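Encoded as structure tokens, the structure appears first; notes follow it.
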Amino acid sequence: MKRNNIIQGIFVALLALMIVSCDAIVDEQFLENSTTVEGVELVATQNSANGNTIELSMNTPGVTGYWNYNLGVALTNRVEIVYPIPGTSTFTFVGTLGAEFFEKTIDVTVDVLDTPLEQDWYDLVSDNTSAGKTWVFDGTGGDNGLWWFMSDPGNPWGVWWNAGGTCCPPGDANGSMTFNLDGAANYIYDDGNGNVTNASFVLDTENQQLHFNGASILGYDADRVNPNGVYNIVELSEDKMVLFTPTNGGGTGWTWVLVPAE
């Protein structure tokens with residue numbers, strides 16, 4: 001009995017020592033802001049002609065974050081971009097002051113597109129970027145052509161069901177999609193039945209994707225389209241555009257084949 005009391009006492013003492021030791025190791029750290037939002041310096045640098053090559057910089061020490069330049073993001077404090085849209089655009093820096101996150105914007109005016117864009121831009125919207133370009137399906141219902149079809153999730157040309165070319169074209173088969181850069185990345189969806197929606201788009205040339213914001217891709221069907229409005233670019237040339245989603249929310253892929261409107 002006496003031995004048990006001794007062991008119990010030793011155990012309690014060791015436990016107390018462990019608790020004290022753990023408390024000593026804990027170093028409570030409090031994050032503090034290194035500056036204010038007003039103190040964050042954002043700078044946009046262009047040439048004297050206000051050209052479309054723009055360097056965006058966040059110059060405040062102790063602040064980290066990333067740039068959202070509307071057509072993509074740059075995970076850095078400083079980035080150089082070739083911007084395709086004339087006019088005044090707003091760019092956003094998203095970062096942390098230390099203890100809190102913040103967003104701050106800067107307006108930049110592009111007067112001239114003096115740096116050529118990547119070819120994908122011209123193929124999508126034409127050389128006249130402000131006027132833009134209109135795309136339609138490369139076929140009509142029942143023509144047995146491949147222009148709107150269910151496909152293998154791993155192969156955009158692996159046809160599982162040729163819906164458009166056989167029995168079941170979409171309700172907007174006679175519609176169109178127009179893309180232009182008239183002050184913004186504008187997307188105009190016309191369902192061919194008298195309904196027109198003005199929206200926007202993002203052309204991600206690096207990842208070869210086309211994002212639709214605010215309106216559907218042509219060939220709308222809730223069971224066919226990508227739920228996030230993001231499509232892989234299989235082919236994009238002056239005369240043809242092939243888009244593909246490996247998942248339409250229903251376990252299959254789907255492929256779109258489009259050509260410029262005449």
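Residue numbers start at 1 in each chain; chains themselves are named A, B, ... in the order of the structure tokens; ligands are numbered from 1 in the order shown.
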(message) When you look at range 164-176 of chain A with a cut-off of 7 Å (counting only C-alpha atoms), what residues show up, excluding the ones that are within fewer than 5 positions of it in the same chain? I need them as a ChimeraX atom specification.
(response) /A:134-137,140-149,189-192,218-220
(message) Residues near range 253-259 of chain A, anyone? I mean within 6 Å using only C-alpha atoms, not counting same-chain ones fewer than 4 positions away, as an MDAnalysis selection string.
(response) chainID A and resid 135:138 147:153 156 239:247
Need the shell around range 59-63 of chain A: protein/DNA/RNA residues with any atom at most 12 Å away, counting only C-alpha atoms. Skip same-chain ones fewer than 3 positions apart. Format as a short mmCIF file (atom, residue, chain, number, x, y, z; two decimals) with C-alpha atoms, in the first residue's frame?
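File produced: around.cif:
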data_model
loop_
_atom_site.label_atom_id
_atom_site.label_comp_id
_atom_site.auth_asym_id
_atom_site.auth_seq_id
_atom_site.Cartn_x
_atom_site.Cartn_y
_atom_site.Cartn_z
CA GLU A 32 0.30 42.22 -36.61
CA ASN A 33 -0.24 44.37 -39.67
CA SER A 34 2.93 45.80 -41.14
CA THR A 35 1.02 48.67 -42.77
CA THR A 36 -2.47 49.82 -43.73
CA VAL A 37 -4.34 49.33 -46.97
CA GLU A 38 -3.75 53.00 -47.72
CA GLY A 39 -0.03 52.41 -47.24
CA VAL A 40 0.15 49.69 -49.90
CA GLU A 41 1.75 51.13 -53.05
CA LEU A 42 0.52 49.80 -56.39
CA VAL A 43 2.27 50.95 -59.55
CA ALA A 44 1.48 50.32 -63.24
CA LEU A 56 2.12 45.74 -62.39
CA TYR A 66 -1.07 38.14 -56.01
CA THR A 76 3.70 37.36 -57.41
CA ASN A 77 4.09 40.98 -56.34
CA ARG A 78 5.35 42.02 -59.78
CA VAL A 79 4.25 40.84 -63.22
CA PHE A 93 -3.95 43.11 -55.89
CA VAL A 94 -5.10 40.60 -53.26
CA GLY A 95 -2.77 40.20 -50.29
CA THR A 96 -2.17 40.18 -46.59
CA LEU A 97 -1.02 43.03 -44.36
CA GLY A 98 0.13 40.51 -41.76
CA ALA A 99 -2.97 40.09 -39.62
CA GLU A 100 -5.65 40.60 -42.24
CA PHE A 101 -6.31 40.12 -45.92
CA PHE A 102 -7.14 42.98 -48.25
CA GLU A 103 -7.86 43.95 -51.86
#
(request) Looking only at strand (DSSP E or B) from DSSP on the backbone, list the matching residues of range 33-163 of chain A as a PyMOL selection string. (result) chain A and resi 42-45+51+53-58+64-68+73-74+78-82+87-96+101-110+112+133-137+148-152+155-161
Contacts of Ala215 in chain A at 10 Å or less, counting only C-alpha atoms, minus same-chain residues fewer than 5 places along, as a CSV table (one decimal) with N, CA and C atoms, in the first residue's frame?
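Heads up, here's the output in part_19.csv:
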chain,number,residue,atom,x,y,z
A,187,TYR,N,-18.6,38.8,-74.4
A,187,TYR,CA,-19.2,37.6,-75.0
A,187,TYR,C,-20.7,37.8,-75.2
A,188,ILE,N,-21.2,37.7,-76.4
A,188,ILE,CA,-22.6,37.8,-76.7
A,188,ILE,C,-23.2,36.5,-77.2
A,189,TYR,N,-24.1,36.0,-76.4
A,189,TYR,CA,-24.8,34.7,-76.7
A,189,TYR,C,-26.1,35.0,-77.3
A,190,ASP,N,-26.3,34.4,-78.5
A,190,ASP,CA,-27.6,34.6,-79.2
A,190,ASP,C,-28.2,33.1,-79.4
A,196,VAL,N,-30.9,37.3,-76.6
A,196,VAL,CA,-29.5,37.6,-76.7
A,196,VAL,C,-29.1,38.0,-75.3
A,197,THR,N,-27.9,37.5,-74.9
A,197,THR,CA,-27.3,37.8,-73.5
A,197,THR,C,-26.0,38.4,-73.7
A,198,ASN,N,-25.7,39.5,-73.1
A,198,ASN,CA,-24.4,40.1,-73.0
A,198,ASN,C,-23.6,39.6,-71.8
A,199,ALA,N,-22.5,39.0,-72.0
A,199,ALA,CA,-21.7,38.5,-70.9
A,199,ALA,C,-20.2,38.8,-71.1
A,200,SER,N,-19.4,37.9,-70.5
A,200,SER,CA,-17.9,38.1,-70.7
A,200,SER,C,-17.3,36.8,-70.8
A,201,PHE,N,-16.0,36.8,-71.2
A,201,PHE,CA,-15.2,35.6,-71.3
A,201,PHE,C,-13.8,35.8,-70.9
A,220,TYR,N,-26.6,25.0,-75.4
A,220,TYR,CA,-26.9,24.9,-74.0
A,220,TYR,C,-27.8,23.7,-73.7
A,229,GLY,N,-18.5,26.4,-66.6
A,229,GLY,CA,-18.4,27.2,-67.7
A,229,GLY,C,-17.0,27.3,-68.3
(request) Show which residues sit within 12 Å of Tyr122 in chain A, as a PyMOL selection string. Count only C-alpha atoms, and ignore same-chain residues fewer than 4 positions away. (result) chain A and resi 84+116-118+126-133+179-181+203+205+236-239
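Restricting the calculation to only C-alpha atoms, the smallest distance between Val73 in chain A and any of A:Thr115, A:Glu206, A:Glu262, A:Val110 is found for A:Glu206.
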(request) Mind the document's chain letters and residue numbers, and return as a ChimeraX atom specification the residues of range 38-216 of chain A that DSSP labels alpha helix (DSSP H). (result) /A:119-125
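Of the listed residues (A:Thr109, A:Asn193, A:Asn68, A:Thr90), A:Thr109 comes nearest to Gly51 in chain A; the distances count only C-alpha atoms.
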(message) Please report the interatomic distance between CA of Asn232 in chain A and CA of Asn186 in chain A in Å with one decimal.
(response) 19.0 Å
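Distance check against Pro86 in chain A using only C-alpha atoms: of A:Ala184, A:Ala163, A:Ala49, A:Met177, the minimum falls on A:Ala184.
Interatomic distance, CA of Ile233 in chain A to CA of Leu75 in chain A: 23.7 Å.
Interatomic distance, CA of Phe91 in chain A against CA of Ala185 in chain A: 14.0 Å.
Candidate residues A:Asp204, A:Asp107, A:Gln46, A:Asp182 were compared for distance to Glu80 in chain A, and the nearest is A:Gln46, using only C-alpha atoms.
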